[in-house]
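Trainee: Once you've had a glance at the structure underneath, I'll fire off some questions.
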Amino acid sequence: MQISFHGAAQEVTGSCALVESLRLKFLVDCGMFQGEHLMSDKNRDDFAFNPSKINFVLLTHAHLDHCGRLPKLYKDGFRGQVFCTPATADLVKLMLNDSVRLLERDALERNIEPLYKMADVLGLCGLLRPIDYGEDFRVGRVTFRPRDAGHILGSAIFEVFITEGLKTRKLVFSGDLGNAEPLIIKEAEFLSGADYLITESTYAGREHESKEAGKRKIRLAVKQSVGNHGVLMIPIFALEKSQEILFELNSLVEDEKVPSVPIFLDSPLAIKTVDVYRDYAQDYNRRSLSLTAIGDDLFTFPGMKYTMTKNESIAINSVPAPKVILAGSGMCTGGRIPHHLRLYLEDERSHLLIVSFQVKGSLGRQLLEGAKWVVIDGWPVKVKAQVSVINSYSSHADSKFLLRWIKSFSKPKPKKVFIVHGETDMQTILKGSLDKLGIKNEIAEFKKIYKLL
């Protein structure tokens, strides 16, 4: 048996692990590479394996850096099933339908063939096979089980049991592991052990601020924008981030902790995602369930307006400041947020509040690192607006939670931990921490084949 990593190896995006046993080959995720542009040209590279020979895929969750190359996999010959939780299946359909539109538009602008087309998305979605948390499913001599990862709605850790001859080995794939006490969904499950553990490392060297500190910063940012008669811009990802920020704003508005101000959710994908969240209240944590039980809509409150259409988005411009705009994408590299940044970054009364991870090379990362000038849609823009960050709302485990989760693997203790999905500085820190604990580990290398004994 062997494993190789075809993405998220010493980088954050493009998650894709290939496991090969005696009779079966399967992938865990098949995600898109992202960076300076929403879609990296690395996605166009041929797979280093034959997609038609892949028996099935285990999909941990619906973020594009984990599911975004699945239609390309289908286009190149894959016809197996894609196993995921029911919520992930619903969310993936939204994400890929949105992705293909962006790809086709980008291809038209560059006069190239799109990475994949709608027919490939529809074909791939026809292969989705939902399985519930805790449900065992068997393909040949491989049995797998999704467990709650606490990252976004429907996100899963996969326990995988592979039998070769008389020997069974257990592999655990963290996917993207959520942090302690998520606002809306349940916390990640802790597992007893594994022979091999494949873990993410996005924030392995940092501790997040508390949710209370984050909520306080949002409240102060809204009050400051009102006082300055400015615009508060919050770039958001459609999945989890937008719902968590709406959850906090809902509480602040209904408890009258912030002045009344127009608040816009300017992301069609995020708006559609809210509807999926409403369909899966069974995956909420106790606090969220108790609020919905008394009739509180977690995502709607006075002053809140969903702007689905392009005309509704444009109409935000005519609403006088102060106002709050939540718009995609979270790294400022696509969606509707670039339009608002062009309008308001040059206004010193404005405030850009970053609440998401910013990959190297992205516009959001440039702004976070203090760029005085940026280029948006070909236009040079001088940055006069205040730029600040909140580290409370990461849906990734921080160093404290990640180490606690890894240390829970004791029966059996992993023979090796493979570190993936992180920038090299974060991965080096995690490696050092695991070395001190006496846990054998390795930072996974791109396309290198590892034998699993």
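Residues in the structure tokens are numbered from 1 in each chain, the chains being A, B, ... in the order shown, and ligands are numbered from 1 in the order shown.
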For region 284-288 of chain A, please output as an NGL selection string all residues within 6 Å (counting only C-alpha atoms; exclusion window: fewer than 5 positions along the same chain).

Mentor: :A and (184-186)

Trainee: Could you pull out the strand (DSSP E) residues of region 87-147 of chain A from DSSP and send them as a PDB file with N, CA and C atoms, in the first residue's frame?

Mentor:
```
ATOM      1  N   LEU A 128     -22.077  11.820  -7.001  1.00  0.00           N
ATOM      2  CA  LEU A 128     -22.046  12.061  -5.559  1.00  0.00           C
ATOM      3  C   LEU A 128     -22.866  11.002  -4.819  1.00  0.00           C
ATOM      4  N   ARG A 129     -22.294  10.451  -3.771  1.00  0.00           N
ATOM      5  CA  ARG A 129     -22.966   9.415  -2.967  1.00  0.00           C
ATOM      6  C   ARG A 129     -22.926   9.840  -1.500  1.00  0.00           C
ATOM      7  N   PRO A 130     -24.023  10.437  -0.990  1.00  0.00           N
ATOM      8  CA  PRO A 130     -24.019  10.907   0.403  1.00  0.00           C
ATOM      9  C   PRO A 130     -24.028   9.761   1.407  1.00  0.00           C
ATOM     10  N   PHE A 137     -19.099   2.446   5.205  1.00  0.00           N
ATOM     11  CA  PHE A 137     -19.366   2.045   3.824  1.00  0.00           C
ATOM     12  C   PHE A 137     -18.157   1.265   3.330  1.00  0.00           C
ATOM     13  N   ARG A 138     -18.436   0.206   2.584  1.00  0.00           N
ATOM     14  CA  ARG A 138     -17.346  -0.658   2.131  1.00  0.00           C
ATOM     15  C   ARG A 138     -17.286  -0.725   0.618  1.00  0.00           C
ATOM     16  N   VAL A 139     -16.065  -0.602   0.091  1.00  0.00           N
ATOM     17  CA  VAL A 139     -15.798  -0.824  -1.328  1.00  0.00           C
ATOM     18  C   VAL A 139     -14.650  -1.828  -1.391  1.00  0.00           C
ATOM     19  N   VAL A 142     -11.837  -2.062   1.346  1.00  0.00           N
ATOM     20  CA  VAL A 142     -11.656  -0.762   1.994  1.00  0.00           C
ATOM     21  C   VAL A 142     -12.975  -0.351   2.645  1.00  0.00           C
ATOM     22  N   THR A 143     -12.925  -0.064   3.933  1.00  0.00           N
ATOM     23  CA  THR A 143     -14.094   0.434   4.660  1.00  0.00           C
ATOM     24  C   THR A 143     -13.771   1.841   5.161  1.00  0.00           C
ATOM     25  N   PHE A 144     -14.719   2.758   5.014  1.00  0.00           N
ATOM     26  CA  PHE A 144     -14.478   4.132   5.458  1.00  0.00           C
ATOM     27  C   PHE A 144     -15.696   4.678   6.174  1.00  0.00           C
ATOM     28  N   ARG A 145     -15.418   5.725   6.965  1.00  0.00           N
ATOM     29  CA  ARG A 145     -16.454   6.290   7.842  1.00  0.00           C
ATOM     30  C   ARG A 145     -16.188   7.785   8.004  1.00  0.00           C
ATOM     31  N   PRO A 146     -17.154   8.659   7.676  1.00  0.00           N
ATOM     32  CA  PRO A 146     -16.964  10.092   7.922  1.00  0.00           C
ATOM     33  C   PRO A 146     -17.263  10.449   9.374  1.00  0.00           C
ATOM     34  N   ARG A 147     -16.457  11.300   9.933  1.00  0.00           N
ATOM     35  CA  ARG A 147     -16.670  11.842  11.287  1.00  0.00           C
ATOM     36  C   ARG A 147     -16.669  13.366  11.196  1.00  0.00           C
TER      37      ARG A 147
END
```

Trainee: I want to know what sits within 10 Å of Lys440 (chain A), based on only C-alpha atoms, with residues of the same chain fewer than 6 positions away left out; could you give that as a PyMOL selection string?

Mentor: chain A and resi 413-418+431+434

Trainee: Rank A:Met426, A:Met95, A:Cys332, A:Ile152 by their smallest atom-to-atom distance to Ile236 (chain A), using only C-alpha atoms, and report the top residue only.

Mentor: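 For Ile236 (chain A), the nearest of the given residues is A:Cys332.
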
Trainee: Show me, as JSON lines, the residues of region 149-253 of chain A having an atom within 8 Å of region 298-318 of chain A, each with the closest atom pair and its distance in Å, using only C-alpha atoms.

Mentor:
```
{"residue": "A:Gln243", "atom": "CA", "partner": "A:Phe299", "partner_atom": "CA", "distance": 6.8}
{"residue": "A:Leu246", "atom": "CA", "partner": "A:Phe299", "partner_atom": "CA", "distance": 5.5}
{"residue": "A:Phe247", "atom": "CA", "partner": "A:Leu298", "partner_atom": "CA", "distance": 5.5}
{"residue": "A:Asn250", "atom": "CA", "partner": "A:Phe301", "partner_atom": "CA", "distance": 5.7}
{"residue": "A:Val253", "atom": "CA", "partner": "A:Phe301", "partner_atom": "CA", "distance": 7.2}
```

Trainee: Could you write out that same residue set with C-alpha atoms as an mmCIF file, in the first residue's frame?

Mentor:
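The new file selection_11.cif reads:
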```cif
data_model
loop_
_atom_site.group_PDB
_atom_site.id
_atom_site.type_symbol
_atom_site.label_atom_id
_atom_site.label_comp_id
_atom_site.auth_asym_id
_atom_site.auth_seq_id
_atom_site.Cartn_x
_atom_site.Cartn_y
_atom_site.Cartn_z
ATOM 1 C CA GLN A 243 -22.701 32.503 8.045
ATOM 2 C CA LEU A 246 -23.954 37.051 9.928
ATOM 3 C CA PHE A 247 -24.492 35.122 13.167
ATOM 4 C CA ASN A 250 -27.467 39.152 14.145
ATOM 5 C CA VAL A 253 -28.086 44.134 16.022
#
```

Trainee: When you draw a straight line from CA of Ile443 (chain A) to CA of Ser155 (chain A), how long is it in Å?

Mentor: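 Spanning CA of Ile443 (chain A) to CA of Ser155 (chain A) is a straight-line distance of 23.3 Å.
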
Trainee: Hey, can you check how far CA of Ala107 (chain A) sits from CA of Thr333 (chain A)?

Mentor: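 Computed distance, CA of Ala107 (chain A) to CA of Thr333 (chain A), equals 16.0 Å.
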
Trainee: What's around Lys257 (chain A) at 10 Å? Count only C-alpha atoms, leave out sequence neighbours fewer than 4 positions away in its own chain, and write the answer as a list of chain:residue names.

Mentor: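 Once the adjacent positions are removed, what remains is A:Arg216, A:Arg219, A:Leu220, A:Val222, A:Lys223, A:Leu249, A:Ser251, A:Leu252, A:Val253.
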
Trainee: Save the residues we just selected, C-alpha atoms, as a PDB file, in the first residue's frame?

Mentor:
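Result file is selection.pdb:
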```pdb
ATOM      1  CA  ARG A 216     -15.905  42.971  20.139  1.00  0.00           C
ATOM      2  CA  ARG A 219     -18.819  45.836  17.100  1.00  0.00           C
ATOM      3  CA  LEU A 220     -16.080  48.484  17.276  1.00  0.00           C
ATOM      4  CA  VAL A 222     -19.275  48.990  12.873  1.00  0.00           C
ATOM      5  CA  LYS A 223     -19.423  51.804  15.437  1.00  0.00           C
ATOM      6  CA  LEU A 249     -24.059  40.664  13.399  1.00  0.00           C
ATOM      7  CA  SER A 251     -26.619  39.082  17.838  1.00  0.00           C
ATOM      8  CA  LEU A 252     -25.116  42.588  17.863  1.00  0.00           C
ATOM      9  CA  VAL A 253     -28.086  44.134  16.022  1.00  0.00           C
TER      10      VAL A 253
END
```

Trainee: Counting only C-alpha atoms, what is within 10 Å of His61 (chain A), bar same-chain residues fewer than 5 positions away, as an MDAnalysis selection string?

Mentor: chainID A and resid 29 66:67 84:85 87:89 91:92 149 151:157 175:176

Trainee: Selected residues, N, CA and C atoms, written as a PDB file, in the first residue's frame, please.

Mentor:
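Dumped to part-v3.pdb:
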```
ATOM      1  N   ASP A  29     -10.119  13.856  -1.646  1.00  0.00           N
ATOM      2  CA  ASP A  29     -10.239  15.215  -2.182  1.00  0.00           C
ATOM      3  C   ASP A  29      -9.572  15.340  -3.555  1.00  0.00           C
ATOM      4  N   HIS A  66     -10.659  21.837  -2.086  1.00  0.00           N
ATOM      5  CA  HIS A  66     -10.793  20.400  -1.823  1.00  0.00           C
ATOM      6  C   HIS A  66     -11.663  19.689  -2.867  1.00  0.00           C
ATOM      7  N   CYS A  67     -12.531  20.428  -3.536  1.00  0.00           N
ATOM      8  CA  CYS A  67     -13.424  19.786  -4.511  1.00  0.00           C
ATOM      9  C   CYS A  67     -13.310  20.347  -5.922  1.00  0.00           C
ATOM     10  N   CYS A  84     -19.381  11.518   0.325  1.00  0.00           N
ATOM     11  CA  CYS A  84     -19.315  12.704   1.165  1.00  0.00           C
ATOM     12  C   CYS A  84     -20.572  12.754   2.017  1.00  0.00           C
ATOM     13  N   THR A  85     -20.645  13.683   2.960  1.00  0.00           N
ATOM     14  CA  THR A  85     -21.845  13.826   3.778  1.00  0.00           C
ATOM     15  C   THR A  85     -22.968  14.466   2.957  1.00  0.00           C
ATOM     16  N   ALA A  87     -24.807  17.126   3.536  1.00  0.00           N
ATOM     17  CA  ALA A  87     -24.655  18.588   3.433  1.00  0.00           C
ATOM     18  C   ALA A  87     -23.568  18.951   2.435  1.00  0.00           C
ATOM     19  N   THR A  88     -22.468  18.206   2.451  1.00  0.00           N
ATOM     20  CA  THR A  88     -21.400  18.466   1.486  1.00  0.00           C
ATOM     21  C   THR A  88     -21.896  18.258   0.061  1.00  0.00           C
ATOM     22  N   ALA A  89     -22.686  17.219  -0.164  1.00  0.00           N
ATOM     23  CA  ALA A  89     -23.213  16.972  -1.514  1.00  0.00           C
ATOM     24  C   ALA A  89     -24.016  18.164  -2.010  1.00  0.00           C
ATOM     25  N   LEU A  91     -23.806  21.311  -0.916  1.00  0.00           N
ATOM     26  CA  LEU A  91     -22.948  22.490  -1.039  1.00  0.00           C
ATOM     27  C   LEU A  91     -22.014  22.391  -2.249  1.00  0.00           C
ATOM     28  N   VAL A  92     -21.524  21.185  -2.530  1.00  0.00           N
ATOM     29  CA  VAL A  92     -20.629  21.004  -3.677  1.00  0.00           C
ATOM     30  C   VAL A  92     -21.323  21.391  -4.974  1.00  0.00           C
ATOM     31  N   ALA A 149     -15.795  17.019  11.246  1.00  0.00           N
ATOM     32  CA  ALA A 149     -14.535  17.767  11.324  1.00  0.00           C
ATOM     33  C   ALA A 149     -14.707  19.148  11.937  1.00  0.00           C
ATOM     34  N   HIS A 151     -15.377  21.964  10.696  1.00  0.00           N
ATOM     35  CA  HIS A 151     -14.748  23.031   9.898  1.00  0.00           C
ATOM     36  C   HIS A 151     -15.801  23.913   9.242  1.00  0.00           C
ATOM     37  N   ILE A 152     -16.624  23.326   8.393  1.00  0.00           N
ATOM     38  CA  ILE A 152     -17.802  23.984   7.829  1.00  0.00           C
ATOM     39  C   ILE A 152     -18.931  22.972   7.860  1.00  0.00           C
ATOM     40  N   LEU A 153     -20.112  23.406   7.506  1.00  0.00           N
ATOM     41  CA  LEU A 153     -21.250  22.499   7.468  1.00  0.00           C
ATOM     42  C   LEU A 153     -20.920  21.296   6.579  1.00  0.00           C
ATOM     43  N   GLY A 154     -21.108  20.098   7.115  1.00  0.00           N
ATOM     44  CA  GLY A 154     -20.887  18.886   6.342  1.00  0.00           C
ATOM     45  C   GLY A 154     -19.453  18.414   6.278  1.00  0.00           C
ATOM     46  N   SER A 155     -18.510  19.155   6.823  1.00  0.00           N
ATOM     47  CA  SER A 155     -17.099  18.767   6.709  1.00  0.00           C
ATOM     48  C   SER A 155     -16.828  17.479   7.475  1.00  0.00           C
ATOM     49  N   ALA A 156     -15.911  16.675   6.945  1.00  0.00           N
ATOM     50  CA  ALA A 156     -15.669  15.349   7.507  1.00  0.00           C
ATOM     51  C   ALA A 156     -14.188  15.040   7.659  1.00  0.00           C
ATOM     52  N   ILE A 157     -13.890  14.360   8.749  1.00  0.00           N
ATOM     53  CA  ILE A 157     -12.665  13.587   8.906  1.00  0.00           C
ATOM     54  C   ILE A 157     -13.006  12.203   8.351  1.00  0.00           C
ATOM     55  N   GLY A 175      -8.876  16.120   6.697  1.00  0.00           N
ATOM     56  CA  GLY A 175      -9.494  17.155   5.887  1.00  0.00           C
ATOM     57  C   GLY A 175      -9.074  18.495   6.486  1.00  0.00           C
ATOM     58  N   ASP A 176      -9.939  19.465   6.441  1.00  0.00           N
ATOM     59  CA  ASP A 176      -9.700  20.713   7.172  1.00  0.00           C
ATOM     60  C   ASP A 176     -10.365  20.580   8.529  1.00  0.00           C
TER      61      ASP A 176
END
```

Trainee: Near Gln366 (chain A), counting only C-alpha atoms, which residues have an atom at most 12 Å away, once you skip same-chain residues fewer than 6 positions from it, shown as a list in words?

Mentor: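 My list of contacting residues is Gly35, Glu36, Met331, Cys332, Thr333, Ile354, Gln358, Val359, Lys360, Lys372, Trp373, Val374, Val375, Ile376, Val383 and Val387 of chain A.
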